[in-house]
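S.K.: What follows is query.cif, mmCIF, C-alpha atoms.
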data_protein
loop_
_atom_site.group_PDB
_atom_site.id
_atom_site.type_symbol
_atom_site.label_atom_id
_atom_site.label_comp_id
_atom_site.auth_asym_id
_atom_site.auth_seq_id
_atom_site.Cartn_x
_atom_site.Cartn_y
_atom_site.Cartn_z
ATOM 1 C CA MET A 1 -9.636 287.570 17.933
ATOM 2 C CA ASP A 2 -12.120 289.807 16.239
ATOM 3 C CA PHE A 3 -10.904 290.772 12.795
ATOM 4 C CA ALA A 4 -13.985 292.869 12.059
ATOM 5 C CA THR A 5 -12.917 295.559 14.534
ATOM 6 C CA LEU A 6 -9.577 296.220 12.844
ATOM 7 C CA PRO A 7 -9.472 299.851 11.632
ATOM 8 C CA LEU A 8 -8.629 298.865 8.074
ATOM 9 C CA PHE A 9 -11.492 296.405 7.736
ATOM 10 C CA GLN A 10 -13.911 298.871 9.287
ATOM 11 C CA ALA A 11 -12.773 301.528 6.824
ATOM 12 C CA VAL A 12 -13.175 299.061 3.954
ATOM 13 C CA LYS A 13 -16.701 298.176 5.074
ATOM 14 C CA LYS A 14 -17.719 301.824 5.357
ATOM 15 C CA ARG A 15 -16.247 302.549 1.962
ATOM 16 C CA LEU A 16 -18.028 299.626 0.291
ATOM 17 C CA ASN A 17 -21.253 300.713 1.947
ATOM 18 C CA TRP A 18 -20.787 304.240 0.597
ATOM 19 C CA LEU A 19 -19.953 303.002 -2.902
ATOM 20 C CA GLY A 20 -22.991 300.718 -2.920
ATOM 21 C CA GLN A 21 -25.268 303.541 -1.893
ATOM 22 C CA ARG A 22 -23.713 305.820 -4.497
ATOM 23 C CA GLN A 23 -24.338 303.233 -7.187
ATOM 24 C CA GLU A 24 -27.984 303.157 -6.085
ATOM 25 C CA VAL A 25 -28.296 306.943 -6.395
ATOM 26 C CA LEU A 26 -26.596 306.972 -9.799
ATOM 27 C CA SER A 27 -28.828 304.228 -11.164
ATOM 28 C CA GLN A 28 -31.813 306.184 -9.882
ATOM 29 C CA ASN A 29 -30.558 309.151 -11.899
ATOM 30 C CA ILE A 30 -30.274 307.026 -15.034
ATOM 31 C CA ALA A 31 -33.731 305.575 -14.456
ATOM 32 C CA ASN A 32 -35.082 309.134 -14.332
ATOM 33 C CA ALA A 33 -33.169 310.320 -17.390
ATOM 34 C CA ASP A 34 -36.458 311.289 -19.087
ATOM 35 C CA THR A 35 -38.461 312.489 -16.086
ATOM 36 C CA PRO A 36 -39.299 316.189 -16.542
ATOM 37 C CA GLY A 37 -38.010 318.378 -13.715
ATOM 38 C CA TYR A 38 -35.806 315.664 -12.218
ATOM 39 C CA ARG A 39 -32.534 316.963 -10.811
ATOM 40 C CA ALA A 40 -29.500 314.644 -10.853
ATOM 41 C CA ARG A 41 -28.393 313.591 -7.393
ATOM 42 C CA ASP A 42 -25.175 312.293 -5.938
ATOM 43 C CA LEU A 43 -23.828 311.183 -2.556
ATOM 44 C CA LYS A 44 -21.779 313.601 -0.530
ATOM 45 C CA THR A 45 -18.259 312.458 0.232
ATOM 46 C CA TYR A 46 -17.840 311.535 3.864
ATOM 47 C CA ASP A 47 -15.101 312.992 5.982
ATOM 48 C CA PHE A 48 -14.572 313.300 9.716
ATOM 49 C CA ARG A 49 -16.531 316.551 10.072
ATOM 50 C CA GLU A 50 -19.468 315.160 8.115
ATOM 51 C CA ILE A 51 -19.580 311.979 10.224
ATOM 52 C CA VAL A 52 -19.486 313.975 13.485
ATOM 53 C CA ARG A 53 -22.230 316.312 12.236
ATOM 54 C CA ARG A 54 -24.503 313.426 11.293
ATOM 55 C CA GLU A 55 -23.876 311.604 14.551
ATOM 56 C CA ALA A 56 -24.750 314.778 16.461
ATOM 57 C CA GLN A 57 -28.042 315.016 14.539
ATOM 58 C CA GLN A 58 -29.106 311.633 15.830
ATOM 59 C CA ILE A 59 -28.835 312.461 19.536
ATOM 60 C CA ASN A 60 -32.238 312.096 21.187
ATOM 61 C CA MET A 61 -33.556 314.152 24.080
ATOM 62 C CA THR A 62 -33.202 312.760 27.576
ATOM 63 C CA VAL A 63 -36.381 312.109 29.557
ATOM 64 C CA THR A 64 -35.990 312.851 33.283
ATOM 65 C CA GLY A 65 -39.649 312.634 34.373
ATOM 66 C CA PRO A 66 -42.830 310.759 33.419
ATOM 67 C CA ASN A 67 -44.517 313.943 32.126
ATOM 68 C CA GLN A 68 -41.849 314.678 29.577
ATOM 69 C CA MET A 69 -42.064 313.620 25.984
ATOM 70 C CA PRO A 70 -39.109 312.017 24.284
ATOM 71 C CA GLY A 71 -38.307 313.989 21.188
ATOM 72 C CA GLN A 72 -37.552 311.127 18.875
ATOM 73 C CA ARG A 73 -35.559 312.075 15.866
ATOM 74 C CA LYS A 74 -35.984 309.970 12.812
ATOM 75 C CA ARG A 75 -33.213 307.610 11.863
ATOM 76 C CA LEU A 76 -31.154 309.125 9.096
ATOM 77 C CA ARG A 77 -29.590 307.209 6.257
ATOM 78 C CA ASP A 78 -25.916 306.445 6.539
ATOM 79 C CA PHE A 79 -24.760 308.980 3.958
ATOM 80 C CA THR A 80 -26.204 312.257 2.688
ATOM 81 C CA GLU A 81 -27.598 312.702 -0.782
ATOM 82 C CA ALA A 82 -27.500 316.073 -2.466
ATOM 83 C CA GLU A 83 -28.465 317.541 -5.817
ATOM 84 C CA THR A 84 -25.552 317.901 -8.183
ATOM 85 C CA LYS A 85 -24.669 321.596 -7.925
ATOM 86 C CA ILE A 86 -23.275 322.157 -11.407
ATOM 87 C CA PRO A 87 -24.636 319.551 -13.837
ATOM 88 C CA TYR A 88 -23.207 319.354 -17.350
ATOM 89 C CA GLU A 89 -26.441 320.664 -18.813
ATOM 90 C CA THR A 90 -30.120 320.991 -18.004
ATOM 91 C CA ARG A 91 -32.760 320.232 -20.602
ATOM 92 C CA PRO A 92 -35.647 322.666 -21.229
ATOM 93 C CA ASP A 93 -37.997 320.369 -19.270
ATOM 94 C CA GLY A 94 -35.819 320.818 -16.155
ATOM 95 C CA ASN A 95 -34.168 317.436 -16.264
ATOM 96 C CA SER A 96 -30.463 317.676 -15.433
ATOM 97 C CA VAL A 97 -29.458 314.044 -15.963
ATOM 98 C CA VAL A 98 -26.750 313.624 -18.577
ATOM 99 C CA ILE A 99 -26.168 309.954 -19.321
ATOM 100 C CA GLU A 100 -22.470 310.478 -20.104
ATOM 101 C CA GLU A 101 -21.903 312.183 -16.762
ATOM 102 C CA GLN A 102 -23.725 309.429 -14.914
ATOM 103 C CA MET A 103 -21.827 306.691 -16.737
ATOM 104 C CA MET A 104 -18.559 308.405 -15.864
ATOM 105 C CA LYS A 105 -19.529 308.445 -12.201
ATOM 106 C CA VAL A 106 -20.613 304.799 -12.349
ATOM 107 C CA GLY A 107 -17.237 303.897 -13.867
ATOM 108 C CA GLU A 108 -15.430 305.848 -11.164
ATOM 109 C CA ALA A 109 -17.430 304.098 -8.445
ATOM 110 C CA GLY A 110 -16.648 300.745 -10.050
ATOM 111 C CA LEU A 111 -12.936 301.532 -10.090
ATOM 112 C CA LYS A 112 -12.942 302.555 -6.439
ATOM 113 C CA HIS A 113 -14.909 299.444 -5.555
ATOM 114 C CA HIS A 114 -12.307 297.350 -7.313
ATOM 115 C CA LEU A 115 -9.479 299.085 -5.447
ATOM 116 C CA THR A 116 -11.189 298.629 -2.090
ATOM 117 C CA THR A 117 -11.990 294.959 -2.577
ATOM 118 C CA GLU A 118 -8.484 294.326 -3.889
ATOM 119 C CA LEU A 119 -6.937 295.909 -0.780
ATOM 120 C CA TYR A 120 -9.281 293.888 1.417
ATOM 121 C CA ARG A 121 -8.333 290.695 -0.395
ATOM 122 C CA LYS A 122 -4.625 291.510 -0.142
ATOM 123 C CA HIS A 123 -4.729 292.132 3.595
ATOM 124 C CA MET A 124 -6.754 288.982 4.140
ATOM 125 C CA ALA A 125 -4.078 287.095 2.205
ATOM 126 C CA LEU A 126 -1.416 288.591 4.499
ATOM 127 C CA PHE A 127 -3.249 287.250 7.537
ATOM 128 C CA ARG A 128 -3.637 283.890 5.895
ATOM 129 C CA MET A 129 0.073 283.815 5.036
ATOM 130 C CA ALA A 130 1.030 284.543 8.647
ATOM 131 C CA LEU A 131 -1.236 281.708 9.739
ATOM 132 C CA GLY A 132 0.657 279.367 7.451
ATOM 133 C CA LYS A 133 -2.033 278.647 4.886
ATOM 134 C CA GLU A 134 -1.045 279.851 1.479
ATOM 135 C CA MET B 1 16.336 266.636 27.503
ATOM 136 C CA LEU B 2 15.076 269.215 25.051
ATOM 137 C CA LYS B 3 11.445 270.037 24.937
ATOM 138 C CA PRO B 4 9.608 269.487 21.634
ATOM 139 C CA VAL B 5 9.392 272.650 19.607
ATOM 140 C CA THR B 6 6.007 274.346 19.820
ATOM 141 C CA SER B 7 6.617 277.790 18.411
ATOM 142 C CA ALA B 8 9.088 279.875 16.462
ATOM 143 C CA ALA B 9 10.250 281.512 19.690
ATOM 144 C CA SER B 10 11.158 278.192 21.330
ATOM 145 C CA ALA B 11 12.904 277.096 18.145
ATOM 146 C CA ILE B 12 14.956 280.297 18.190
ATOM 147 C CA ALA B 13 15.739 279.731 21.857
ATOM 148 C CA ALA B 14 16.833 276.174 21.016
ATOM 149 C CA TYR B 15 19.045 277.528 18.253
ATOM 150 C CA ASP B 16 20.468 279.989 20.714
ATOM 151 C CA SER B 17 21.366 277.279 23.203
ATOM 152 C CA VAL B 18 22.890 275.232 20.378
ATOM 153 C CA ALA B 19 25.038 278.162 19.339
ATOM 154 C CA LYS B 20 26.127 278.764 22.940
ATOM 155 C CA GLY B 21 26.912 275.089 23.350
ATOM 156 C CA ALA B 22 24.711 274.652 26.391
ATOM 157 C CA PRO B 23 25.859 271.687 28.497
ATOM 158 C CA GLY B 24 23.576 268.688 28.487
ATOM 159 C CA SER B 25 21.863 269.609 25.252
ATOM 160 C CA ILE B 26 22.200 267.566 22.115
ATOM 161 C CA GLY B 27 22.962 270.682 20.146
ATOM 162 C CA GLY B 28 25.880 271.540 22.394
ATOM 163 C CA SER B 29 27.761 268.411 21.485
ATOM 164 C CA ILE B 30 26.857 268.825 17.830
ATOM 165 C CA GLY B 31 28.073 272.377 17.875
ATOM 166 C CA LYS B 32 31.369 271.375 19.431
ATOM 167 C CA GLY B 33 31.726 268.270 17.293
ATOM 168 C CA LEU B 34 31.262 270.135 14.031
ATOM 169 C CA GLY B 35 33.198 273.109 15.200
ATOM 170 C CA THR B 36 30.351 275.442 14.225
ATOM 171 C CA GLY B 37 27.964 277.627 16.122
ATOM 172 C CA GLY B 38 30.505 280.375 16.746
ATOM 173 C CA GLY B 39 31.859 281.561 20.068
ATOM 174 C CA ALA B 40 29.829 282.312 23.157
ATOM 175 C CA GLY B 41 29.776 286.002 22.198
ATOM 176 C CA ASP B 42 27.925 285.296 18.931
ATOM 177 C CA GLY B 43 25.284 283.236 20.714
ATOM 178 C CA GLY B 44 22.569 285.856 20.647
ATOM 179 C CA ALA B 45 23.355 287.068 17.136
ATOM 180 C CA PHE B 46 20.971 284.752 15.328
ATOM 181 C CA ALA B 47 18.135 285.343 17.781
ATOM 182 C CA ASP B 48 18.705 289.103 17.515
ATOM 183 C CA LEU B 49 18.706 288.868 13.738
ATOM 184 C CA VAL B 50 15.370 287.059 13.696
ATOM 185 C CA LYS B 51 13.921 289.432 16.275
ATOM 186 C CA SER B 52 14.932 292.551 14.368
ATOM 187 C CA ALA B 53 13.628 291.057 11.106
ATOM 188 C CA ILE B 54 10.237 290.392 12.709
ATOM 189 C CA GLN B 55 10.138 293.922 14.161
ATOM 190 C CA GLU B 56 10.992 295.364 10.758
ATOM 191 C CA ALA B 57 8.238 293.280 9.161
ATOM 192 C CA ALA B 58 5.739 294.564 11.731
ATOM 193 C CA ARG B 59 6.781 298.157 11.009
ATOM 194 C CA ILE B 60 6.437 297.709 7.241
ATOM 195 C CA GLY B 61 3.067 296.036 7.778
ATOM 196 C CA LYS B 62 1.886 299.013 9.800
ATOM 197 C CA THR B 63 2.961 301.435 7.074
ATOM 198 C CA ALA B 64 1.104 299.377 4.487
ATOM 199 C CA GLU B 65 -2.028 299.336 6.643
ATOM 200 C CA GLN B 66 -1.932 303.103 7.124
ATOM 201 C CA ALA B 67 -1.473 303.610 3.377
ATOM 202 C CA SER B 68 -4.390 301.253 2.685
ATOM 203 C CA ILE B 69 -6.680 303.117 5.073
ATOM 204 C CA ALA B 70 -5.712 306.392 3.385
ATOM 205 C CA ALA B 71 -6.423 304.844 -0.024
ATOM 206 C CA VAL B 72 -9.808 303.550 1.110
ATOM 207 C CA ASN B 73 -10.680 307.061 2.274
ATOM 208 C CA ASP B 74 -9.525 308.564 -1.042
ATOM 209 C CA ARG B 75 -6.577 310.387 0.475
ATOM 210 C CA ALA B 76 -3.582 308.481 -0.873
ATOM 211 C CA ASP B 77 -1.446 308.164 -3.937
ATOM 212 C CA ILE B 78 -2.237 304.816 -5.547
ATOM 213 C CA GLY B 79 1.390 304.162 -6.483
ATOM 214 C CA LYS B 80 2.520 304.543 -2.882
ATOM 215 C CA VAL B 81 -0.226 302.219 -1.670
ATOM 216 C CA VAL B 82 0.572 299.526 -4.199
ATOM 217 C CA THR B 83 4.305 299.567 -3.386
ATOM 218 C CA ALA B 84 3.679 299.656 0.382
ATOM 219 C CA VAL B 85 1.343 296.664 0.230
ATOM 220 C CA ALA B 86 3.691 294.734 -2.058
ATOM 221 C CA GLU B 87 6.631 295.448 0.279
ATOM 222 C CA ALA B 88 4.626 294.292 3.275
ATOM 223 C CA GLU B 89 3.627 291.115 1.471
ATOM 224 C CA LEU B 90 7.217 290.317 0.513
ATOM 225 C CA THR B 91 8.556 291.057 3.996
ATOM 226 C CA LEU B 92 5.920 288.902 5.655
ATOM 227 C CA GLN B 93 6.641 286.118 3.203
ATOM 228 C CA THR B 94 10.335 286.335 4.081
ATOM 229 C CA VAL B 95 9.652 286.209 7.810
ATOM 230 C CA VAL B 96 7.269 283.269 7.427
ATOM 231 C CA THR B 97 9.781 281.404 5.274
ATOM 232 C CA VAL B 98 12.588 281.988 7.800
ATOM 233 C CA ARG B 99 10.302 280.847 10.627
ATOM 234 C CA ASP B 100 9.408 277.651 8.777
ATOM 235 C CA ARG B 101 13.044 276.962 7.905
ATOM 236 C CA VAL B 102 14.137 277.445 11.522
ATOM 237 C CA ILE B 103 11.557 274.965 12.760
ATOM 238 C CA GLU B 104 12.394 272.539 9.978
ATOM 239 C CA ALA B 105 16.125 272.743 10.761
ATOM 240 C CA TYR B 106 15.426 272.202 14.442
ATOM 241 C CA ARG B 107 13.369 269.116 13.679
ATOM 242 C CA GLU B 108 16.132 267.823 11.430
ATOM 243 C CA ILE B 109 18.646 268.188 14.259
ATOM 244 C CA MET B 110 16.270 266.328 16.568
ATOM 245 C CA ARG B 111 16.022 263.458 14.096
ATOM 246 C CA MET B 112 19.776 263.220 13.696
ATOM 247 C CA PRO B 113 21.132 259.905 15.071
ATOM 248 C CA ILE B 114 24.050 260.309 17.442
#
Will you turn the file into structure tokens for me?
M.R.:
Amino acid sequence: MDFATLPLFQAVKKRLNWLGQRQEVLSQNIANADTPGYRARDLKTYDFREIVRREAQQINMTVTGPNQMPGQRKRLRDFTEAETKIPYETRPDGNSVVIEEQMMKVGEAGLKHHLTTELYRKHMALFRMALGKE
Amino acid sequence: MLKPVTSAASAIAAYDSVAKGAPGSIGGSIGKGLGTGGGAGDGGAFADLVKSAIQEAARIGKTAEQASIAAVNDRADIGKVVTAVAEAELTLQTVVTVRDRVIEAYREIMRMPI
């Protein structure tokens, strides 16, 4: 019995991965709050189309003969980063990090992380209950 | 002679045979002696009840899982998810409790001196 392959647990893992990476990007923004010309970044939300597009980007060329060169594509990160399109404000030095905005996003990520882990915990408890160990 | 109970299903089957008053079983004589267990027509009622309860629990569990996946992917109403998961938890708890009680009752019957 492999619990890791259950759709729910896979979804939870992917979500936690995404939230962790988002937290990284947001803390990078805060670290660069005073860097001139730095543009605030954020992770793109992942949906089915996005996942398919990224998977398709990682397909390598097939080599059918010894004289052909394999066109290796570089390994992409799991989720795409992008510059925040409409930041709250941009300072004269070109820096678009607003601490309040970043803190709001960090709080949101924390809340979603809490929800995800709570659901994970709950479903694990259901399994444990069915097994007869409270 | 009755086999020792190993699972909920065999316990339910044992209950069933008790209710039907199967000849040669301990339960049969108990059922007749106490005048309980119902008629032969009601024999499958308890087993059916347990079966339908387990199926219902599985269905509710599935709904809760789907709601949870939707919530994880940011596509669900939190209220719905919370209620679905709580319902699933309660239903599973009920089924587990009934299962444990059935096995416990069966064991008690087995221990009964005749």
S.K.: Could you make a table, as a Markdown table, of the residues of chain B that have an atom within 10 Å of an atom of chain A, each with its nearest atom pair and distance in Å to one decimal, counting all atoms listed in the file, in chain and number order?
M.R.:
| residue | atom | partner | partner_atom | distance |
| --- | --- | --- | --- | --- |
| B:Gly61 | CA | A:Leu126 | CA | 9.3 |
| B:Ala64 | CA | A:His123 | CA | 9.3 |
| B:Glu65 | CA | A:Leu8 | CA | 6.8 |
| B:Gln66 | CA | A:Leu8 | CA | 8.0 |
| B:Ala67 | CA | A:Leu8 | CA | 9.8 |
| B:Ser68 | CA | A:Leu119 | CA | 6.9 |
| B:Ile69 | CA | A:Leu8 | CA | 5.6 |
| B:Ala70 | CA | A:Ala11 | CA | 9.2 |
| B:Ala71 | CA | A:Thr116 | CA | 8.1 |
| B:Val72 | CA | A:Thr116 | CA | 6.0 |
| B:Asn73 | CA | A:Arg15 | CA | 7.2 |
| B:Asp74 | CA | A:Lys112 | CA | 8.8 |
| B:Ile78 | CA | A:Leu115 | CA | 9.2 |
| B:Val81 | CA | A:Leu119 | CA | 9.3 |
| B:Val82 | CA | A:Leu119 | CA | 9.0 |
| B:Val85 | CA | A:Lys122 | CA | 7.9 |
| B:Ala86 | CA | A:Lys122 | CA | 9.1 |
| B:Ala88 | CA | A:Leu126 | CA | 8.4 |
| B:Glu89 | CA | A:Leu126 | CA | 6.4 |
| B:Leu90 | CA | A:Leu126 | CA | 9.7 |
| B:Leu92 | CA | A:Ala130 | CA | 7.2 |
| B:Gln93 | CA | A:Met129 | CA | 7.2 |
| B:Val95 | CA | A:Ala130 | CA | 8.8 |
| B:Val96 | CA | A:Ala130 | CA | 6.5 |
| B:Thr97 | CA | A:Gly132 | CA | 9.6 |
| B:Asp100 | CA | A:Gly132 | CA | 9.0 |
S.K.: Can you work out which one of B:Ile114, B:Ala45, B:Ile60, B:Ile109 has the shortest atom-to-atom distance to Glu87 of chain B, counting all atoms listed in the file?
M.R.: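 Nearest candidate to Glu87 of chain B out of B:Ile114, B:Ala45, B:Ile60, B:Ile109: B:Ile60.
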S.K.: Selected by the PyMOL selection byres ((chain A and resi 93-105) around 12) in the shown coordinates: which residues, as an MDAnalysis selection string?
M.R.: chainID A and resid 19 22:43 83:92 106:112
S.K.: Atom CA of Ile54 of chain B and atom CA of Thr91 of chain B are how many Å apart?
M.R.: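 Computed distance, atom CA of Ile54 of chain B to atom CA of Thr91 of chain B, equals 8.9 Å.
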S.K.: Quick one, how far is atom CA of Ala47 of chain B from atom CA of Ala84 of chain B?
M.R.: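 Separation of atom CA of Ala47 of chain B and atom CA of Ala84 of chain B: 26.8 Å.
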S.K.: Given the choices B:Met112, B:Ala57, B:Phe46, B:Ser52, which gets closest to Thr94 of chain B if the distance is worked out from all atoms listed in the file?
M.R.: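 Among B:Met112, B:Ala57, B:Phe46, B:Ser52, it is B:Ala57 that comes nearest to Thr94 of chain B.
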S.K.: So what do you get for atom CA of Arg54 of chain A versus atom CA of His114 of chain A, distance-wise?
M.R.: 27.4 Å
